[in-house]
Amino acid sequence: LTDPGALVPVAVAHGDGIGPEIMDATLRVLLAAGARIQPLPIRVGEAVYKEGHTSGFTPDTWDTLRAAGVLLKAPITTPQGGGYKSLNVTLRKTLGLYANVRPCRSYAPFVPTLHPQTDVVIIRENEEDLYAGIEHRQTREVVQCLKLVTRQGCERIVRYAFEYARAHGRKKVTALSKDNIMKLTDGLFHEVYREIGAEYPDIAQEHQIIDIGTARLATRPERYDVIVTLNLYGDIISDVAAEITGSVGLAGSANIGPSFALFEAIHGSAPDIAGQNLANPGGLLQAAVMMLGHLGQHEVAEKVQNAWLRTLEDGVHTPDIAGEHTTQKVGTREFADAVIAR
Ligand code: ATP
Ligand code: MG
């Protein structure tokens with residue numbers, strides 16, 4: 001038995017762009033709330049790429065990651081131009097993080113949104129599809145990207161979605177794909193969804209084509225509960241879902257594999273607002289709350305979540321979510337202070 005008071009090692013990547021600001025804010029909140037974690041900083045991202053490591057990692061980083069088993073990660077900037085591999089894709093594939101869980105809910109009336117009833121969890125397949133990174137140049141003017149979908153990959157993500165729905169008291173799992181056009185790849189996903197769905201008669205099920213599904217998500221998000229979909233579609237619709245709740249800066253995500261878990265905000269490194277104390281740390285903080293749940297520190301998770309909700313309710317807002325309920329428009333640092341005070 002482990003000592004319940006013992007500190008759990010957590011690898012921490014401060015990231016690029018707004019990353020260091022939102023990570024600093026998040027860690028301050030976690031430690032103030034009594035999270036029993038020992039942050040182990042790792043160096044990844046832009047600076048490491050520019051030293052000539054095309055994956056954005058140095059080899060010793062993997063040892064820290066494997067020892068910790070958990071990574072809290074701020075967004076990373078992949079430098080423009082050829083030769084650099086996406087660090088996010090490398091992490092997901094190397095660590096086998098097959099499920100990407102992205103809850104998006106409204107904080108109405110405190111955060112302005114046209115869709116106050118939104119409460120949807122997007123479960124995105126995280127290793128396959130067009131993200132397998134298999135691209136070829138066929139001629140100077142013809143290039144190709146390969147869409148890889150496996151039965152095993154579909155089974156794992158669809159089962160994960162149904163199990164998630166059951167464990168979290170959710171009523172419906174909607175599958176989104178485009179199998180009217182991609183009959184084999186998306187067709188396989190749909191077929192597996194039907195097969196596995198039959199094992200979950202207690203959960204309502206529906207399938208929609210991704211285009212109309214996205215349109216309805218943007219206009220009537222309240223009709224969705226859990227969504228399961230392929231990698232690229234999941235990436236796009238989770239930005240849509242988060243943005244309609246008020247800001248892409250509000251949503252966190254968990255990337256889950258058999259022996260490793262990575263927690264991050266859904267947004268990118270937002271270089272346009274970096275270094276200006278403007279970024280909303282909410283997405284990374286939501287990811288950190290999921291991480292605390294994963295580590296079994298539920299009472300700390302609840303404390304952080306309640307303090308954060310109270311801060312939003314009190315109208316203490318970063319600029320991206322400011323509106324008629326805002327009483328104080330604050331920067332990243334002051335927002336974290338406000339959460340800690342609560
Ligand atoms: P990526 O490909 O890494 O996902 P992206 O092109 O989707 O990147 P983001 O970095 O996610 O872009 O940012 C898109 C815009 O959303 C930013 O320019 C910024 O204005 C806004 N944004 C993103 N995150 C935040 C945040 N935490 N707080 C406030 N605004 C944000
Ligand atoms: Mg993005």
# chains A, B, ... in the order shown; residues from 1 in each chain; ligands from 1
call {"tool": "residues_near_ligand", "arguments": {"ligand": "ligand 1", "cutoff": "10 Å", "atoms": "only C-alpha atoms and all ligand atoms", "output": "PyMOL selection string"}}
result
chain A and resi 17-19+21-22+75-78+86+88+235-236+239+243+247-251+265-274+277-284+318-321+332
call {"tool": "write_last_selection", "arguments": {"atoms": "C-alpha atoms", "output": "tab-separated table (two decimals), in the first residue's frame"}}
result
chain	number	residue	atom	x	y	z
A	17	GLY	CA	3.79	30.55	-26.53
A	18	ILE	CA	1.27	31.01	-23.72
A	19	GLY	CA	2.38	27.65	-22.25
A	21	GLU	CA	2.13	31.45	-18.28
A	22	ILE	CA	-0.80	29.05	-18.05
A	75	PRO	CA	0.90	23.59	-25.59
A	76	ILE	CA	3.98	23.28	-27.80
A	77	THR	CA	4.82	25.15	-31.00
A	78	THR	CA	6.07	22.92	-33.82
A	86	SER	CA	4.73	16.99	-34.26
A	88	ASN	CA	1.97	15.77	-29.77
A	235	ASP	CA	-9.82	17.57	-33.46
A	236	ILE	CA	-12.06	19.87	-35.47
A	239	ASP	CA	-12.53	23.28	-31.17
A	243	GLU	CA	-15.52	27.76	-28.72
A	247	SER	CA	-13.72	30.16	-25.51
A	248	VAL	CA	-11.37	27.55	-26.86
A	249	GLY	CA	-9.38	28.48	-23.72
A	250	LEU	CA	-11.92	26.78	-21.42
A	251	ALA	CA	-11.53	23.10	-22.30
A	265	ALA	CA	-5.60	22.05	-22.74
A	266	ILE	CA	-7.27	21.48	-26.11
A	267	HIS	CA	-5.96	24.73	-27.57
A	268	GLY	CA	-2.56	25.46	-29.05
A	269	SER	CA	0.26	27.77	-27.97
A	270	ALA	CA	-1.56	30.93	-29.20
A	271	PRO	CA	1.60	32.89	-30.13
A	272	ASP	CA	-0.54	35.96	-30.88
A	273	ILE	CA	-1.21	36.54	-27.17
A	274	ALA	CA	1.94	34.96	-25.66
A	277	ASN	CA	-0.54	37.91	-19.32
A	278	LEU	CA	-3.74	37.57	-21.41
A	279	ALA	CA	-4.21	33.81	-21.74
A	280	ASN	CA	-6.99	31.94	-19.99
A	281	PRO	CA	-5.42	29.18	-17.88
A	282	GLY	CA	-8.84	27.46	-17.57
A	283	GLY	CA	-8.25	24.76	-20.18
A	284	LEU	CA	-5.02	23.59	-18.60
A	318	THR	CA	-9.76	36.75	-18.60
A	319	PRO	CA	-10.41	38.83	-21.74
A	320	ASP	CA	-11.44	35.87	-23.93
A	321	ILE	CA	-14.54	35.19	-21.79
A	332	THR	CA	-3.53	35.12	-16.31
call {"tool": "select_by_dssp", "arguments": {"residues": "segment 19-209 of chain A", "states": "helix (DSSP H, G or I)", "output": "MDAnalysis selection string"}}
result
chainID A and resid 19:32 46:50 61:68 87:94 130:132 151:167 185:197
call {"tool": "closest_atom_pairs", "arguments": {"of": "segment 86-127 of chain A", "to": "segment 147-157 of chain A", "cutoff": "10 Å", "atoms": "only C-alpha atoms", "output": "CSV"}}
result
residue,atom,partner,partner_atom,distance
A:Tyr98,CA,A:Ile157,CA,7.1
A:Ala99,CA,A:Ile157,CA,6.1
A:Asn100,CA,A:Ile157,CA,9.0
A:Ile123,CA,A:Ile157,CA,7.7
A:Arg124,CA,A:Ile157,CA,7.6
A:Glu125,CA,A:Ile157,CA,5.9
A:Asn126,CA,A:Ile157,CA,8.7
A:Glu127,CA,A:Gly153,CA,8.1
call {"tool": "closest_residue", "arguments": {"among": "A:Arg333, A:Arg159, A:Arg223, A:His115", "to": "Thr26 of chain A", "atoms": "only C-alpha atoms"}}
result
A:Arg333
call {"tool": "select_by_dssp", "arguments": {"residues": "segment 92-225 of chain A", "states": "strand (DSSP E or B)", "output": "VMD selection string"}}
result
chain A and resid 99 to 105 119 to 125 129 135 to 139 142 to 145 148 172 to 177 204 to 209
call {"tool": "write_last_selection", "arguments": {"atoms": "C-alpha atoms", "output": "compact mmCIF listing (two decimals), in the first residue's frame"}}
result
# COMPACT_ATOMS: atom_id res chain seq x y z
CA ALA A 99 -8.24 7.86 -26.25
CA ASN A 100 -8.54 11.63 -26.19
CA VAL A 101 -11.32 12.76 -23.87
CA ARG A 102 -12.51 16.36 -24.27
CA PRO A 103 -15.40 17.56 -22.11
CA CYS A 104 -16.95 20.86 -23.27
CA ARG A 105 -19.66 22.46 -21.19
CA ASP A 119 -22.56 19.62 -21.95
CA VAL A 120 -20.83 17.28 -24.36
CA VAL A 121 -17.84 14.96 -24.05
CA ILE A 122 -15.93 14.33 -27.25
CA ILE A 123 -14.00 11.08 -27.35
CA ARG A 124 -11.50 11.22 -30.15
CA GLU A 125 -9.44 8.34 -31.50
CA ASP A 129 -6.55 8.20 -39.24
CA GLU A 135 2.60 11.28 -46.29
CA HIS A 136 4.33 10.83 -49.64
CA ARG A 137 5.29 13.02 -52.52
CA GLN A 138 4.34 11.13 -55.66
CA THR A 139 5.44 13.68 -58.22
CA VAL A 142 1.01 15.27 -56.51
CA VAL A 143 1.20 14.47 -52.81
CA GLN A 144 -0.58 11.82 -50.79
CA CYS A 145 -1.56 11.32 -47.15
CA LEU A 148 -5.04 4.43 -41.55
CA LYS A 172 -26.21 8.57 -25.27
CA VAL A 173 -23.16 7.94 -27.47
CA THR A 174 -23.28 9.51 -30.93
CA ALA A 175 -20.82 8.27 -33.57
CA LEU A 176 -19.72 10.68 -36.31
CA SER A 177 -18.05 9.53 -39.53
CA ALA A 204 -28.84 5.37 -26.48
CA GLN A 205 -27.03 5.25 -29.82
CA GLU A 206 -27.08 7.18 -33.07
CA HIS A 207 -24.79 7.66 -36.02
CA GLN A 208 -24.51 10.83 -38.09
CA ILE A 209 -22.44 11.89 -41.04
call {"tool": "closest_residue", "arguments": {"among": "A:Ala47, A:Ala336, A:Leu230, A:Ala215", "to": "Phe189 of chain A", "atoms": "only C-alpha atoms"}}
result
A:Leu230
call {"tool": "residues_around", "arguments": {"residues": "Gln117 of chain A", "least_positions_apart": "2", "cutoff": "12 Å", "atoms": "only C-alpha atoms", "output": "list in words"}}
result
Cys104, Arg105, Ser106, Tyr107, Ala108, Pro109, Thr113, Leu114, His115, Asp119, Val120, Leu217, Thr219, Arg220, Pro221, Glu222, Arg223, Tyr224, Asp225, Ala241, Ile244 and Thr245 of chain A
call {"tool": "closest_residue", "arguments": {"among": "A:Ser238, A:His317, A:Leu312, A:Lys73", "to": "ligand 2", "atoms": "only C-alpha atoms and all ligand atoms"}}
result
A:Ser238
call {"tool": "closest_residue", "arguments": {"among": "A:Val330, A:Ile203, A:Gly246, A:Glu46", "to": "Gly15 of chain A", "atoms": "only C-alpha atoms"}}
result
A:Glu46
call {"tool": "closest_residue", "arguments": {"among": "A:Ile237, A:Val29, A:Ala341, A:Val228", "to": "Asp211 of chain A", "atoms": "only C-alpha atoms"}}
result
A:Ile237
call {"tool": "decode", "arguments": {"residues": "segment 152-303 of chain A", "atoms": "C-alpha atoms", "output": "mmCIF file, in the first residue's frame"}}
result
data_model
loop_
_atom_site.group_PDB
_atom_site.id
_atom_site.type_symbol
_atom_site.label_atom_id
_atom_site.label_comp_id
_atom_site.auth_asym_id
_atom_site.auth_seq_id
_atom_site.Cartn_x
_atom_site.Cartn_y
_atom_site.Cartn_z
ATOM 1 C CA GLN A 152 -8.432 -2.924 -33.162
ATOM 2 C CA GLY A 153 -8.174 0.884 -33.003
ATOM 3 C CA CYS A 154 -11.918 1.301 -33.640
ATOM 4 C CA GLU A 155 -12.840 -1.325 -31.066
ATOM 5 C CA ARG A 156 -10.714 0.267 -28.373
ATOM 6 C CA ILE A 157 -12.031 3.789 -28.856
ATOM 7 C CA VAL A 158 -15.679 2.801 -29.260
ATOM 8 C CA ARG A 159 -15.551 0.585 -26.175
ATOM 9 C CA TYR A 160 -13.817 3.369 -24.279
ATOM 10 C CA ALA A 161 -16.656 5.746 -25.220
ATOM 11 C CA PHE A 162 -19.397 3.369 -24.047
ATOM 12 C CA GLU A 163 -17.556 2.540 -20.820
ATOM 13 C CA TYR A 164 -16.990 6.262 -20.244
ATOM 14 C CA ALA A 165 -20.716 6.921 -20.756
ATOM 15 C CA ARG A 166 -21.652 4.236 -18.231
ATOM 16 C CA ALA A 167 -19.090 5.324 -15.648
ATOM 17 C CA HIS A 168 -20.155 8.969 -15.888
ATOM 18 C CA GLY A 169 -23.929 8.462 -15.961
ATOM 19 C CA ARG A 170 -24.245 9.631 -19.557
ATOM 20 C CA LYS A 171 -27.230 8.519 -21.613
ATOM 21 C CA LYS A 172 -26.211 8.573 -25.274
ATOM 22 C CA VAL A 173 -23.159 7.941 -27.469
ATOM 23 C CA THR A 174 -23.276 9.507 -30.932
ATOM 24 C CA ALA A 175 -20.816 8.272 -33.569
ATOM 25 C CA LEU A 176 -19.719 10.683 -36.307
ATOM 26 C CA SER A 177 -18.054 9.532 -39.531
ATOM 27 C CA LYS A 178 -18.203 9.932 -43.287
ATOM 28 C CA ASP A 179 -18.780 6.381 -44.443
ATOM 29 C CA ASN A 180 -21.004 7.446 -47.298
ATOM 30 C CA ILE A 181 -17.756 8.546 -48.993
ATOM 31 C CA MET A 182 -14.954 6.611 -47.225
ATOM 32 C CA LYS A 183 -16.692 3.270 -47.280
ATOM 33 C CA LEU A 184 -13.752 1.228 -46.066
ATOM 34 C CA THR A 185 -12.062 3.373 -43.403
ATOM 35 C CA ASP A 186 -15.036 5.263 -41.970
ATOM 36 C CA GLY A 187 -17.193 2.271 -42.865
ATOM 37 C CA LEU A 188 -15.113 0.073 -40.556
ATOM 38 C CA PHE A 189 -15.474 2.576 -37.739
ATOM 39 C CA HIS A 190 -19.264 2.656 -38.181
ATOM 40 C CA GLU A 191 -19.505 -1.131 -38.379
ATOM 41 C CA VAL A 192 -17.493 -1.548 -35.154
ATOM 42 C CA TYR A 193 -19.656 1.106 -33.468
ATOM 43 C CA ARG A 194 -22.769 -0.933 -34.313
ATOM 44 C CA GLU A 195 -21.210 -4.195 -33.129
ATOM 45 C CA ILE A 196 -19.929 -2.881 -29.819
ATOM 46 C CA GLY A 197 -23.003 -0.745 -29.281
ATOM 47 C CA ALA A 198 -25.064 -3.937 -29.158
ATOM 48 C CA GLU A 199 -23.292 -4.766 -25.889
ATOM 49 C CA TYR A 200 -24.546 -1.518 -24.321
ATOM 50 C CA PRO A 201 -28.357 -1.588 -24.627
ATOM 51 C CA ASP A 202 -28.625 0.779 -21.652
ATOM 52 C CA ILE A 203 -26.950 3.607 -23.657
ATOM 53 C CA ALA A 204 -28.840 5.375 -26.475
ATOM 54 C CA GLN A 205 -27.032 5.250 -29.819
ATOM 55 C CA GLU A 206 -27.083 7.178 -33.070
ATOM 56 C CA HIS A 207 -24.793 7.664 -36.018
ATOM 57 C CA GLN A 208 -24.506 10.831 -38.086
ATOM 58 C CA ILE A 209 -22.438 11.886 -41.041
ATOM 59 C CA ILE A 210 -19.691 14.189 -39.764
ATOM 60 C CA ASP A 211 -20.687 17.247 -41.817
ATOM 61 C CA ILE A 212 -24.291 17.466 -40.637
ATOM 62 C CA GLY A 213 -23.170 16.329 -37.181
ATOM 63 C CA THR A 214 -20.732 19.253 -36.953
ATOM 64 C CA ALA A 215 -23.368 21.686 -38.177
ATOM 65 C CA ARG A 216 -25.835 20.476 -35.539
ATOM 66 C CA LEU A 217 -23.173 20.536 -32.844
ATOM 67 C CA ALA A 218 -22.606 24.197 -33.674
ATOM 68 C CA THR A 219 -26.314 25.081 -33.617
ATOM 69 C CA ARG A 220 -27.934 22.592 -31.194
ATOM 70 C CA PRO A 221 -25.118 21.266 -29.004
ATOM 71 C CA GLU A 222 -27.571 20.336 -26.224
ATOM 72 C CA ARG A 223 -28.751 17.359 -28.282
ATOM 73 C CA TYR A 224 -25.327 15.674 -27.846
ATOM 74 C CA ASP A 225 -24.067 13.828 -24.790
ATOM 75 C CA VAL A 226 -20.980 11.711 -25.605
ATOM 76 C CA ILE A 227 -19.554 11.816 -29.141
ATOM 77 C CA VAL A 228 -17.097 9.219 -30.437
ATOM 78 C CA THR A 229 -15.237 9.899 -33.656
ATOM 79 C CA LEU A 230 -12.046 9.496 -35.671
ATOM 80 C CA ASN A 231 -8.925 11.534 -35.019
ATOM 81 C CA LEU A 232 -9.178 14.463 -37.442
ATOM 82 C CA TYR A 233 -12.942 14.926 -37.055
ATOM 83 C CA GLY A 234 -12.477 14.869 -33.277
ATOM 84 C CA ASP A 235 -9.824 17.572 -33.456
ATOM 85 C CA ILE A 236 -12.056 19.866 -35.469
ATOM 86 C CA ILE A 237 -15.304 19.350 -33.595
ATOM 87 C CA SER A 238 -13.699 19.789 -30.180
ATOM 88 C CA ASP A 239 -12.531 23.277 -31.167
ATOM 89 C CA VAL A 240 -16.087 23.963 -32.347
ATOM 90 C CA ALA A 241 -17.598 22.630 -29.125
ATOM 91 C CA ALA A 242 -15.180 24.492 -26.838
ATOM 92 C CA GLU A 243 -15.524 27.762 -28.720
ATOM 93 C CA ILE A 244 -19.329 27.751 -28.526
ATOM 94 C CA THR A 245 -19.160 27.330 -24.754
ATOM 95 C CA GLY A 246 -17.390 30.698 -24.690
ATOM 96 C CA SER A 247 -13.721 30.157 -25.513
ATOM 97 C CA VAL A 248 -11.368 27.553 -26.856
ATOM 98 C CA GLY A 249 -9.383 28.483 -23.720
ATOM 99 C CA LEU A 250 -11.920 26.776 -21.418
ATOM 100 C CA ALA A 251 -11.532 23.099 -22.300
ATOM 101 C CA GLY A 252 -9.074 20.527 -21.045
ATOM 102 C CA SER A 253 -8.374 17.025 -22.248
ATOM 103 C CA ALA A 254 -7.112 13.669 -21.082
ATOM 104 C CA ASN A 255 -5.059 11.435 -23.380
ATOM 105 C CA ILE A 256 -5.335 7.916 -22.037
ATOM 106 C CA GLY A 257 -3.315 4.792 -22.781
ATOM 107 C CA PRO A 258 -2.862 1.432 -21.071
ATOM 108 C CA SER A 259 0.067 2.585 -18.915
ATOM 109 C CA PHE A 260 0.366 6.338 -19.363
ATOM 110 C CA ALA A 261 -1.867 9.403 -19.221
ATOM 111 C CA LEU A 262 -1.261 12.900 -20.575
ATOM 112 C CA PHE A 263 -3.340 15.918 -19.606
ATOM 113 C CA GLU A 264 -3.423 19.147 -21.619
ATOM 114 C CA ALA A 265 -5.595 22.050 -22.745
ATOM 115 C CA ILE A 266 -7.271 21.477 -26.106
ATOM 116 C CA HIS A 267 -5.960 24.732 -27.570
ATOM 117 C CA GLY A 268 -2.557 25.456 -29.052
ATOM 118 C CA SER A 269 0.255 27.770 -27.974
ATOM 119 C CA ALA A 270 -1.559 30.934 -29.198
ATOM 120 C CA PRO A 271 1.605 32.887 -30.128
ATOM 121 C CA ASP A 272 -0.538 35.962 -30.881
ATOM 122 C CA ILE A 273 -1.207 36.542 -27.172
ATOM 123 C CA ALA A 274 1.939 34.957 -25.663
ATOM 124 C CA GLY A 275 3.902 36.756 -22.968
ATOM 125 C CA GLN A 276 1.190 39.354 -22.375
ATOM 126 C CA ASN A 277 -0.543 37.907 -19.324
ATOM 127 C CA LEU A 278 -3.739 37.572 -21.412
ATOM 128 C CA ALA A 279 -4.212 33.814 -21.737
ATOM 129 C CA ASN A 280 -6.992 31.941 -19.988
ATOM 130 C CA PRO A 281 -5.423 29.177 -17.881
ATOM 131 C CA GLY A 282 -8.840 27.465 -17.572
ATOM 132 C CA GLY A 283 -8.253 24.764 -20.176
ATOM 133 C CA LEU A 284 -5.015 23.585 -18.595
ATOM 134 C CA LEU A 285 -6.593 23.837 -15.144
ATOM 135 C CA GLN A 286 -9.485 21.625 -16.329
ATOM 136 C CA ALA A 287 -6.902 19.153 -17.616
ATOM 137 C CA ALA A 288 -5.183 19.258 -14.230
ATOM 138 C CA VAL A 289 -8.499 18.549 -12.487
ATOM 139 C CA MET A 290 -8.904 15.456 -14.685
ATOM 140 C CA MET A 291 -5.339 14.484 -13.769
ATOM 141 C CA LEU A 292 -6.079 14.728 -10.045
ATOM 142 C CA GLY A 293 -9.087 12.464 -10.572
ATOM 143 C CA HIS A 294 -6.880 10.013 -12.453
ATOM 144 C CA LEU A 295 -4.442 10.042 -9.517
ATOM 145 C CA GLY A 296 -7.268 9.356 -7.086
ATOM 146 C CA GLN A 297 -6.974 12.791 -5.429
ATOM 147 C CA HIS A 298 -10.689 13.469 -5.804
ATOM 148 C CA GLU A 299 -11.059 15.834 -2.874
ATOM 149 C CA VAL A 300 -8.299 18.123 -4.206
ATOM 150 C CA ALA A 301 -9.822 17.935 -7.708
ATOM 151 C CA GLU A 302 -13.173 19.016 -6.312
ATOM 152 C CA LYS A 303 -11.609 21.842 -4.319
#
